[in-house]
file run-v3.csv (CSV, C-alpha atoms)
chain,number,residue,atom,x,y,z
A,1,MET,CA,50.9,-24.2,-48.7
A,2,ILE,CA,48.6,-24.2,-51.7
A,3,LYS,CA,50.5,-23.5,-55.0
A,4,ALA,CA,48.1,-24.6,-57.7
A,5,LEU,CA,44.4,-24.8,-58.7
A,6,ILE,CA,43.3,-27.6,-61.0
A,7,PHE,CA,40.1,-27.1,-62.9
A,8,ASP,CA,37.9,-29.7,-64.5
A,9,PHE,CA,36.5,-28.4,-67.8
A,10,ASP,CA,33.1,-30.0,-68.8
A,11,GLY,CA,30.5,-28.9,-66.3
A,12,LEU,CA,32.9,-26.8,-64.2
A,13,ILE,CA,34.2,-24.1,-66.6
A,14,LEU,CA,31.5,-24.6,-69.2
A,15,ASP,CA,28.2,-26.5,-68.9
A,16,THR,CA,28.7,-28.9,-71.8
A,17,GLU,CA,27.0,-31.8,-70.0
A,18,THR,CA,23.4,-30.5,-69.6
A,19,PRO,CA,23.0,-29.7,-73.3
A,20,GLU,CA,24.1,-33.3,-74.3
A,21,LEU,CA,21.7,-34.9,-71.8
A,22,LEU,CA,18.8,-32.7,-73.0
A,23,ALA,CA,19.5,-33.6,-76.6
A,24,TRP,CA,19.4,-37.4,-75.8
A,25,GLN,CA,16.3,-37.0,-73.6
A,26,GLU,CA,14.5,-35.4,-76.5
A,27,ILE,CA,15.5,-38.3,-78.8
A,28,TYR,CA,14.4,-40.9,-76.2
A,29,ARG,CA,11.0,-39.3,-75.7
A,30,GLU,CA,10.4,-39.6,-79.5
A,31,TYR,CA,10.8,-43.3,-79.0
A,32,GLY,CA,8.6,-43.4,-75.9
A,33,GLN,CA,11.5,-43.9,-73.5
A,34,ASP,CA,13.0,-42.1,-70.6
A,35,LEU,CA,16.7,-41.3,-70.1
A,36,THR,CA,17.3,-40.5,-66.4
A,37,VAL,CA,19.9,-38.3,-64.9
A,38,GLN,CA,21.1,-41.3,-62.9
A,39,THR,CA,21.7,-43.4,-66.0
A,40,TRP,CA,23.5,-40.6,-67.7
A,41,GLY,CA,25.5,-39.9,-64.6
A,42,GLN,CA,27.5,-43.1,-65.1
A,43,ILE,CA,29.6,-41.3,-67.8
A,44,VAL,CA,29.6,-37.7,-66.5
A,45,GLY,CA,33.0,-36.4,-65.8
A,46,GLY,CA,35.0,-39.3,-67.3
A,47,SER,CA,34.9,-42.2,-69.8
A,48,ALA,CA,36.6,-44.8,-67.6
A,49,ALA,CA,33.7,-45.6,-65.4
A,50,SER,CA,31.2,-46.9,-67.9
A,51,ASP,CA,30.9,-47.9,-71.6
A,52,PHE,CA,27.3,-46.5,-71.6
A,53,ASP,CA,26.2,-45.9,-75.2
A,54,PRO,CA,23.0,-43.8,-75.4
A,55,ALA,CA,22.1,-45.0,-78.9
A,56,GLY,CA,22.8,-48.6,-78.0
A,57,HIS,CA,20.8,-48.3,-74.7
A,58,LEU,CA,17.8,-46.8,-76.6
A,59,GLU,CA,18.0,-49.7,-79.1
A,60,MET,CA,17.9,-52.2,-76.3
A,61,LEU,CA,14.9,-50.5,-74.7
A,62,THR,CA,12.9,-50.3,-77.9
A,63,GLY,CA,13.8,-53.6,-79.3
A,64,GLU,CA,14.2,-51.8,-82.7
A,65,LYS,CA,17.2,-51.7,-85.0
A,66,LEU,CA,18.3,-48.0,-84.9
A,67,ASP,CA,20.7,-46.0,-87.0
A,68,HIS,CA,23.3,-45.2,-84.3
A,69,SER,CA,25.3,-42.8,-86.5
A,70,ARG,CA,22.2,-40.7,-87.3
A,71,LEU,CA,21.2,-40.5,-83.7
A,72,ASN,CA,24.7,-39.6,-82.5
A,73,ASN,CA,25.1,-37.0,-85.1
A,74,ARG,CA,21.8,-35.4,-84.3
A,75,ALA,CA,22.5,-35.3,-80.6
A,76,HIS,CA,26.0,-33.9,-81.3
A,77,ARG,CA,24.6,-31.1,-83.5
A,78,GLN,CA,22.0,-30.1,-81.0
A,79,ARG,CA,24.6,-30.1,-78.2
A,80,LEU,CA,27.1,-27.9,-80.1
A,81,ALA,CA,24.4,-25.4,-81.1
A,82,GLN,CA,23.7,-24.7,-77.4
A,83,ILE,CA,27.3,-24.9,-76.1
A,84,ASP,CA,28.7,-22.6,-78.6
A,85,ARG,CA,26.5,-19.8,-77.3
A,86,GLN,CA,27.5,-20.3,-73.6
A,87,PRO,CA,29.8,-18.1,-71.5
A,88,PRO,CA,31.9,-19.6,-68.6
A,89,LEU,CA,29.9,-20.7,-65.6
A,90,PRO,CA,29.5,-18.2,-62.7
A,91,GLY,CA,32.7,-17.4,-60.8
A,92,VAL,CA,35.1,-19.0,-63.3
A,93,ARG,CA,36.7,-15.8,-64.6
A,94,GLU,CA,36.9,-14.2,-61.2
A,95,LEU,CA,38.6,-17.2,-59.6
A,96,ILE,CA,41.1,-17.4,-62.4
A,97,ASP,CA,42.0,-13.7,-62.0
A,98,ASP,CA,42.2,-14.0,-58.2
A,99,ALA,CA,44.5,-17.0,-58.5
A,100,ARG,CA,46.8,-15.2,-60.9
A,101,GLN,CA,47.0,-12.3,-58.5
A,102,HIS,CA,47.9,-14.7,-55.7
A,103,GLY,CA,50.7,-16.2,-57.8
A,104,LEU,CA,49.1,-19.6,-58.1
A,105,LYS,CA,49.7,-22.0,-60.9
A,106,LEU,CA,46.6,-23.0,-62.9
A,107,ALA,CA,45.8,-26.1,-64.8
A,108,VAL,CA,43.0,-28.0,-66.5
A,109,ALA,CA,42.5,-31.7,-66.2
A,110,SER,CA,39.8,-33.1,-68.5
A,111,SER,CA,38.7,-36.5,-69.8
A,112,SER,CA,37.7,-34.8,-73.0
A,113,PRO,CA,40.0,-34.5,-76.0
A,114,HIS,CA,42.4,-31.5,-76.5
A,115,GLU,CA,40.5,-30.4,-79.6
A,116,TRP,CA,37.4,-29.9,-77.5
A,117,VAL,CA,38.9,-28.4,-74.4
A,118,ASP,CA,41.5,-26.2,-76.1
A,119,GLY,CA,39.0,-25.0,-78.7
A,120,HIS,CA,36.4,-23.8,-76.1
A,121,LEU,CA,39.0,-22.3,-73.8
A,122,THR,CA,40.3,-20.3,-76.8
A,123,ARG,CA,36.8,-19.2,-77.7
A,124,LEU,CA,36.2,-18.1,-74.2
A,125,GLY,CA,39.5,-16.2,-74.1
A,126,LEU,CA,40.8,-18.5,-71.3
A,127,PHE,CA,43.4,-20.7,-73.0
A,128,SER,CA,46.4,-18.6,-72.1
A,129,SER,CA,45.3,-18.4,-68.5
A,130,PHE,CA,46.4,-21.9,-67.8
A,131,ASP,CA,50.0,-23.1,-67.3
A,132,VAL,CA,49.1,-26.8,-68.1
A,133,ILE,CA,46.2,-28.4,-69.9
A,134,LYS,CA,46.0,-32.2,-69.7
A,135,ALA,CA,43.3,-34.1,-71.7
A,136,ARG,CA,42.3,-37.6,-72.8
A,137,GLU,CA,45.2,-38.1,-75.1
A,138,ASP,CA,47.8,-37.4,-72.4
A,139,VAL,CA,47.0,-40.4,-70.2
A,140,ARG,CA,46.2,-44.0,-70.4
A,141,HIS,CA,43.1,-43.9,-68.1
A,142,THR,CA,40.7,-41.0,-67.6
A,143,LYS,CA,38.5,-40.2,-64.6
A,144,PRO,CA,37.6,-41.8,-62.2
A,145,GLU,CA,41.2,-43.0,-62.3
A,146,PRO,CA,43.7,-40.4,-61.0
A,147,ASP,CA,46.0,-40.4,-64.1
A,148,LEU,CA,45.0,-36.9,-65.3
A,149,PHE,CA,45.6,-35.3,-62.0
A,150,LEU,CA,48.9,-37.0,-61.4
A,151,ALA,CA,50.0,-35.9,-64.9
A,152,VAL,CA,49.1,-32.3,-64.0
A,153,LEU,CA,51.0,-32.4,-60.7
A,154,SER,CA,54.0,-33.7,-62.5
A,155,ALA,CA,53.8,-31.0,-65.1
A,156,LEU,CA,53.4,-28.2,-62.5
A,157,ALA,CA,56.1,-29.7,-60.3
A,158,VAL,CA,53.8,-29.5,-57.2
A,159,GLN,CA,52.9,-32.1,-54.6
A,160,PRO,CA,49.3,-33.4,-54.0
A,161,GLY,CA,49.1,-31.4,-50.7
A,162,GLU,CA,50.0,-28.2,-52.6
A,163,ALA,CA,47.0,-28.3,-54.9
A,164,VAL,CA,43.3,-27.9,-54.9
A,165,VAL,CA,41.0,-29.6,-57.5
A,166,LEU,CA,37.7,-28.1,-58.6
A,167,GLU,CA,35.3,-30.7,-59.9
A,168,ASP,CA,31.6,-30.9,-60.8
A,169,SER,CA,31.1,-34.7,-61.0
A,170,PRO,CA,31.4,-37.8,-58.8
A,171,ASN,CA,33.8,-39.4,-61.3
A,172,GLY,CA,36.1,-36.3,-61.1
A,173,VAL,CA,35.9,-36.1,-57.3
A,174,MET,CA,36.8,-39.7,-57.1
A,175,ALA,CA,39.8,-39.3,-59.4
A,176,ALA,CA,41.1,-36.3,-57.4
A,177,THR,CA,40.6,-38.2,-54.1
A,178,ARG,CA,42.6,-41.1,-55.5
A,179,ALA,CA,45.4,-38.7,-56.4
A,180,GLY,CA,45.5,-37.5,-52.8
A,181,ILE,CA,44.5,-33.9,-53.7
A,182,TYR,CA,42.1,-31.7,-51.7
A,183,VAL,CA,38.9,-31.6,-53.9
A,184,VAL,CA,36.1,-29.1,-54.0
A,185,ALA,CA,32.8,-30.4,-55.6
A,186,VAL,CA,30.9,-27.7,-57.5
A,187,PRO,CA,28.0,-29.5,-59.0
A,188,ASN,CA,26.1,-28.0,-61.9
A,189,PRO,CA,22.3,-28.4,-62.3
A,190,LEU,CA,22.8,-31.9,-63.8
A,191,THR,CA,25.5,-33.3,-61.5
A,192,ALA,CA,23.8,-31.9,-58.4
A,193,GLN,CA,21.3,-34.7,-58.9
A,194,LEU,CA,24.0,-37.4,-58.6
A,195,GLU,CA,25.5,-38.8,-55.4
A,196,PHE,CA,28.8,-37.4,-54.1
A,197,ASP,CA,30.6,-39.0,-51.2
A,198,SER,CA,34.3,-38.1,-51.1
A,199,GLU,CA,34.7,-34.4,-51.6
A,200,ASP,CA,36.5,-32.3,-49.0
A,201,LEU,CA,34.2,-29.3,-49.6
A,202,ARG,CA,31.0,-28.8,-51.6
A,203,LEU,CA,29.9,-25.5,-53.1
A,204,SER,CA,26.9,-24.5,-55.1
A,205,SER,CA,29.0,-22.1,-57.2
A,206,LEU,CA,32.6,-20.9,-57.6
A,207,LYS,CA,31.3,-17.5,-56.3
A,208,GLU,CA,30.3,-19.0,-53.0
A,209,VAL,CA,33.7,-18.8,-51.3
A,210,SER,CA,36.7,-16.4,-51.7
A,211,LEU,CA,40.1,-17.7,-52.9
A,212,PRO,CA,41.8,-16.9,-49.6
A,213,GLU,CA,39.1,-18.8,-47.7
A,214,LEU,CA,39.4,-21.7,-50.0
A,215,MET,CA,43.2,-21.8,-49.6
A,216,ARG,CA,42.8,-21.6,-45.8
A,217,ARG,CA,40.4,-24.5,-45.7
A,218,ALA,CA,42.7,-26.6,-48.0
A,219,ASP,CA,45.8,-25.8,-45.9
A,220,SER,CA,43.9,-26.5,-42.7
A,221,SER,CA,42.9,-30.0,-43.9
A,222,ARG,CA,46.6,-30.9,-44.2
A,223,ASN,CA,47.4,-30.0,-40.6

call {"tool": "encode", "arguments": {"input": "run-v3.csv", "output": "structure tokens"}}
result
Amino acid sequence: MIKALIFDFDGLILDTETPELLAWQEIYREYGQDLTVQTWGQIVGGSAASDFDPAGHLEMLTGEKLDHSRLNNRAHRQRLAQIDRQPPLPGVRELIDDARQHGLKLAVASSSPHEWVDGHLTRLGLFSSFDVIKAREDVRHTKPEPDLFLAVLSALAVQPGEAVVLEDSPNGVMAATRAGIYVVAVPNPLTAQLEFDSEDLRLSSLKEVSLPELMRRADSSRN
């Protein structure tokens, strides 16, 4: 029986990933270079899969000595300016409300730091909706390793077969799979261009399926 929903944050609750990529793509174009979705996809959804550094990669491509701090700060400012105006992605609030009405426990498992996750959840009025929030500081390894999801299961006192994970990225899906949890991939416009291979269910939006149907599918997969 499903007792908990575990949400990713970046790209699932709030589209924080597309603005960052767009900022870096603009910078790359100014230097006559391209930054592809596939290259960027190495780090989407977790920091454990790659040590990709966009400023360092650009420096390698151009052969020029670049001011990494200036480029990082510029990309960061442009990203924040867009993100701070965004509402939750479609279906997020409705699913949270439905889960509460069904008595489910709710959690967030994010490879981002607490300051980032907690701050945006507070801005969106969603912070108090979650029973547990686990972020980068709470584990030794982030996604695609399963540590974050295992920490959430422990904090909620539920078993892997009693939870459903909602993820937007291949790294997050892999982490949930490694934790033994039923995982639903809900790619955003950026991560939809990446390759997924281990999700149990794929949706185009959280509005695509009702909570009772989602719970039925997850329960059926365990039988």

call {"tool": "atom_distance", "arguments": {"input": "run-v3.csv", "atom1": "CA of Pro90 (chain A)", "atom2": "CA of Arg217 (chain A)"}}
result
21.2 Å

call {"tool": "residues_around", "arguments": {"input": "run-v3.csv", "residues": "Ala135 (chain A)", "least_positions_apart": "4", "cutoff": "8 Å", "atoms": "all atoms listed in the file", "output": "VMD selection string"}}
result
chain A and resid 109 to 114 117 139 148

call {"tool": "atom_distance", "arguments": {"input": "run-v3.csv", "atom1": "CA of His120 (chain A)", "atom2": "CA of Arg77 (chain A)"}}
result
15.7 Å

call {"tool": "atom_distance", "arguments": {"input": "run-v3.csv", "atom1": "CA of Tyr31 (chain A)", "atom2": "CA of His57 (chain A)"}}
result
12.0 Å

call {"tool": "closest_residue", "arguments": {"input": "run-v3.csv", "among": "A:Leu71, A:Leu106, A:Ile6, A:Met215", "to": "Ala176 (chain A)", "atoms": "only C-alpha atoms"}}
result
A:Ile6

call {"tool": "closest_residue", "arguments": {"input": "run-v3.csv", "among": "A:Trp24, A:Trp116, A:Phe149, A:Trp40", "to": "Tyr182 (chain A)", "atoms": "all atoms listed in the file"}}
result
A:Phe149

call {"tool": "closest_residue", "arguments": {"input": "run-v3.csv", "among": "A:Ala23, A:Gly91, A:Ala175, A:Gln38", "to": "Ala55 (chain A)", "atoms": "all atoms listed in the file"}}
result
A:Ala23

call {"tool": "residues_around", "arguments": {"input": "run-v3.csv", "residues": "Asp118 (chain A)", "least_positions_apart": "3", "cutoff": "12 Å", "atoms": "all atoms listed in the file", "output": "ChimeraX atom specification"}}
result
/A:9-10,108-110,112-115,121-130,132-136

call {"tool": "write_last_selection", "arguments": {"input": "run-v3.csv", "atoms": "C-alpha atoms", "output": "short mmCIF file (atom, residue, chain, number, x, y, z; two decimals), in the coordinates of the input"}}
result
data_model
loop_
_atom_site.label_atom_id
_atom_site.label_comp_id
_atom_site.auth_asym_id
_atom_site.auth_seq_id
_atom_site.Cartn_x
_atom_site.Cartn_y
_atom_site.Cartn_z
CA PHE A 9 36.50 -28.40 -67.80
CA ASP A 10 33.10 -30.00 -68.80
CA VAL A 108 43.00 -28.00 -66.50
CA ALA A 109 42.50 -31.70 -66.20
CA SER A 110 39.80 -33.10 -68.50
CA SER A 112 37.70 -34.80 -73.00
CA PRO A 113 40.00 -34.50 -76.00
CA HIS A 114 42.40 -31.50 -76.50
CA GLU A 115 40.50 -30.40 -79.60
CA LEU A 121 39.00 -22.30 -73.80
CA THR A 122 40.30 -20.30 -76.80
CA ARG A 123 36.80 -19.20 -77.70
CA LEU A 124 36.20 -18.10 -74.20
CA GLY A 125 39.50 -16.20 -74.10
CA LEU A 126 40.80 -18.50 -71.30
CA PHE A 127 43.40 -20.70 -73.00
CA SER A 128 46.40 -18.60 -72.10
CA SER A 129 45.30 -18.40 -68.50
CA PHE A 130 46.40 -21.90 -67.80
CA VAL A 132 49.10 -26.80 -68.10
CA ILE A 133 46.20 -28.40 -69.90
CA LYS A 134 46.00 -32.20 -69.70
CA ALA A 135 43.30 -34.10 -71.70
CA ARG A 136 42.30 -37.60 -72.80
#

call {"tool": "residues_around", "arguments": {"input": "run-v3.csv", "residues": "Ser69 (chain A)", "least_positions_apart": "6", "cutoff": "12 Å", "atoms": "all atoms listed in the file", "output": "number ranges by chain"}}
result
A: 53-56, 75-76

call {"tool": "residues_around", "arguments": {"input": "run-v3.csv", "residues": "region 199-210 of chain A", "least_positions_apart": "5", "cutoff": "6 Å", "atoms": "only C-alpha atoms", "output": "number ranges by chain"}}
result
A: 91, 183-186

call {"tool": "write_last_selection", "arguments": {"input": "run-v3.csv", "atoms": "C-alpha atoms", "output": "short mmCIF file (atom, residue, chain, number, x, y, z; two decimals), in the frame of the given file"}}
result
data_model
loop_
_atom_site.label_atom_id
_atom_site.label_comp_id
_atom_site.auth_asym_id
_atom_site.auth_seq_id
_atom_site.Cartn_x
_atom_site.Cartn_y
_atom_site.Cartn_z
CA GLY A 91 32.70 -17.40 -60.80
CA VAL A 183 38.90 -31.60 -53.90
CA VAL A 184 36.10 -29.10 -54.00
CA ALA A 185 32.80 -30.40 -55.60
CA VAL A 186 30.90 -27.70 -57.50
#

call {"tool": "residues_around", "arguments": {"input": "run-v3.csv", "residues": "Gln101 (chain A)", "least_positions_apart": "5", "cutoff": "12 Å", "atoms": "all atoms listed in the file", "output": "PyMOL selection string"}}
result
chain A and resi 94-96+106+129+211-212

call {"tool": "closest_residue", "arguments": {"input": "run-v3.csv", "among": "A:Ala157, A:Ala81, A:Val92, A:Ala163", "to": "Gly11 (chain A)", "atoms": "all atoms listed in the file"}}
result
A:Val92

call {"tool": "closest_residue", "arguments": {"input": "run-v3.csv", "among": "A:Gly180, A:Ile2, A:Asp197, A:Pro170", "to": "Pro146 (chain A)", "atoms": "all atoms listed in the file"}}
result
A:Gly180

call {"tool": "closest_residue", "arguments": {"input": "run-v3.csv", "among": "A:Arg70, A:Gly161, A:Phe7, A:Gln78", "to": "Arg93 (chain A)", "atoms": "all atoms listed in the file"}}
result
A:Phe7

call {"tool": "decode", "arguments": {"input": "run-v3.csv", "residues": "region 81-98 of chain A", "atoms": "N, CA and C atoms", "output": "tab-separated table (two decimals), in the first residue's frame"}}
result
chain	number	residue	atom	x	y	z
A	81	ALA	N	16.85	35.70	-11.84
A	81	ALA	CA	15.86	36.68	-12.29
A	81	ALA	C	14.66	35.99	-12.91
A	82	GLN	N	14.89	34.89	-13.64
A	82	GLN	CA	13.79	34.17	-14.25
A	82	GLN	C	13.06	33.28	-13.24
A	83	ILE	N	13.83	32.57	-12.42
A	83	ILE	CA	13.24	31.61	-11.50
A	83	ILE	C	12.35	32.29	-10.47
A	84	ASP	N	12.78	33.44	-9.99
A	84	ASP	CA	12.04	34.13	-8.92
A	84	ASP	C	10.65	34.59	-9.36
A	85	ARG	N	10.38	34.56	-10.65
A	85	ARG	CA	9.06	34.95	-11.16
A	85	ARG	C	8.17	33.75	-11.46
A	86	GLN	N	8.71	32.55	-11.32
A	86	GLN	CA	7.98	31.36	-11.74
A	86	GLN	C	7.06	30.80	-10.66
A	87	PRO	N	5.89	30.30	-11.07
A	87	PRO	CA	5.01	29.55	-10.17
A	87	PRO	C	5.42	28.08	-10.19
A	88	PRO	N	4.82	27.23	-9.37
A	88	PRO	CA	5.08	25.79	-9.47
A	88	PRO	C	4.67	25.27	-10.84
A	89	LEU	N	5.25	24.17	-11.25
A	89	LEU	CA	4.91	23.56	-12.52
A	89	LEU	C	3.48	23.00	-12.48
A	90	PRO	N	2.84	22.82	-13.63
A	90	PRO	CA	1.44	22.37	-13.68
A	90	PRO	C	1.21	21.07	-12.92
A	91	GLY	N	0.15	21.07	-12.12
A	91	GLY	CA	-0.25	19.87	-11.39
A	91	GLY	C	0.37	19.68	-10.03
A	92	VAL	N	1.39	20.49	-9.69
A	92	VAL	CA	2.09	20.31	-8.42
A	92	VAL	C	1.16	20.57	-7.24
A	93	ARG	N	0.55	21.73	-7.22
A	93	ARG	CA	-0.32	22.07	-6.07
A	93	ARG	C	-1.49	21.08	-5.95
A	94	GLU	N	-2.06	20.73	-7.07
A	94	GLU	CA	-3.22	19.83	-7.05
A	94	GLU	C	-2.83	18.45	-6.50
A	95	LEU	N	-1.67	17.96	-6.92
A	95	LEU	CA	-1.23	16.65	-6.44
A	95	LEU	C	-0.93	16.67	-4.95
A	96	ILE	N	-0.31	17.74	-4.49
A	96	ILE	CA	-0.02	17.87	-3.06
A	96	ILE	C	-1.32	17.89	-2.26
A	97	ASP	N	-2.29	18.66	-2.73
A	97	ASP	CA	-3.58	18.74	-2.03
A	97	ASP	C	-4.28	17.38	-2.01
A	98	ASP	N	-4.27	16.68	-3.15
A	98	ASP	CA	-4.91	15.37	-3.22
A	98	ASP	C	-4.22	14.37	-2.29
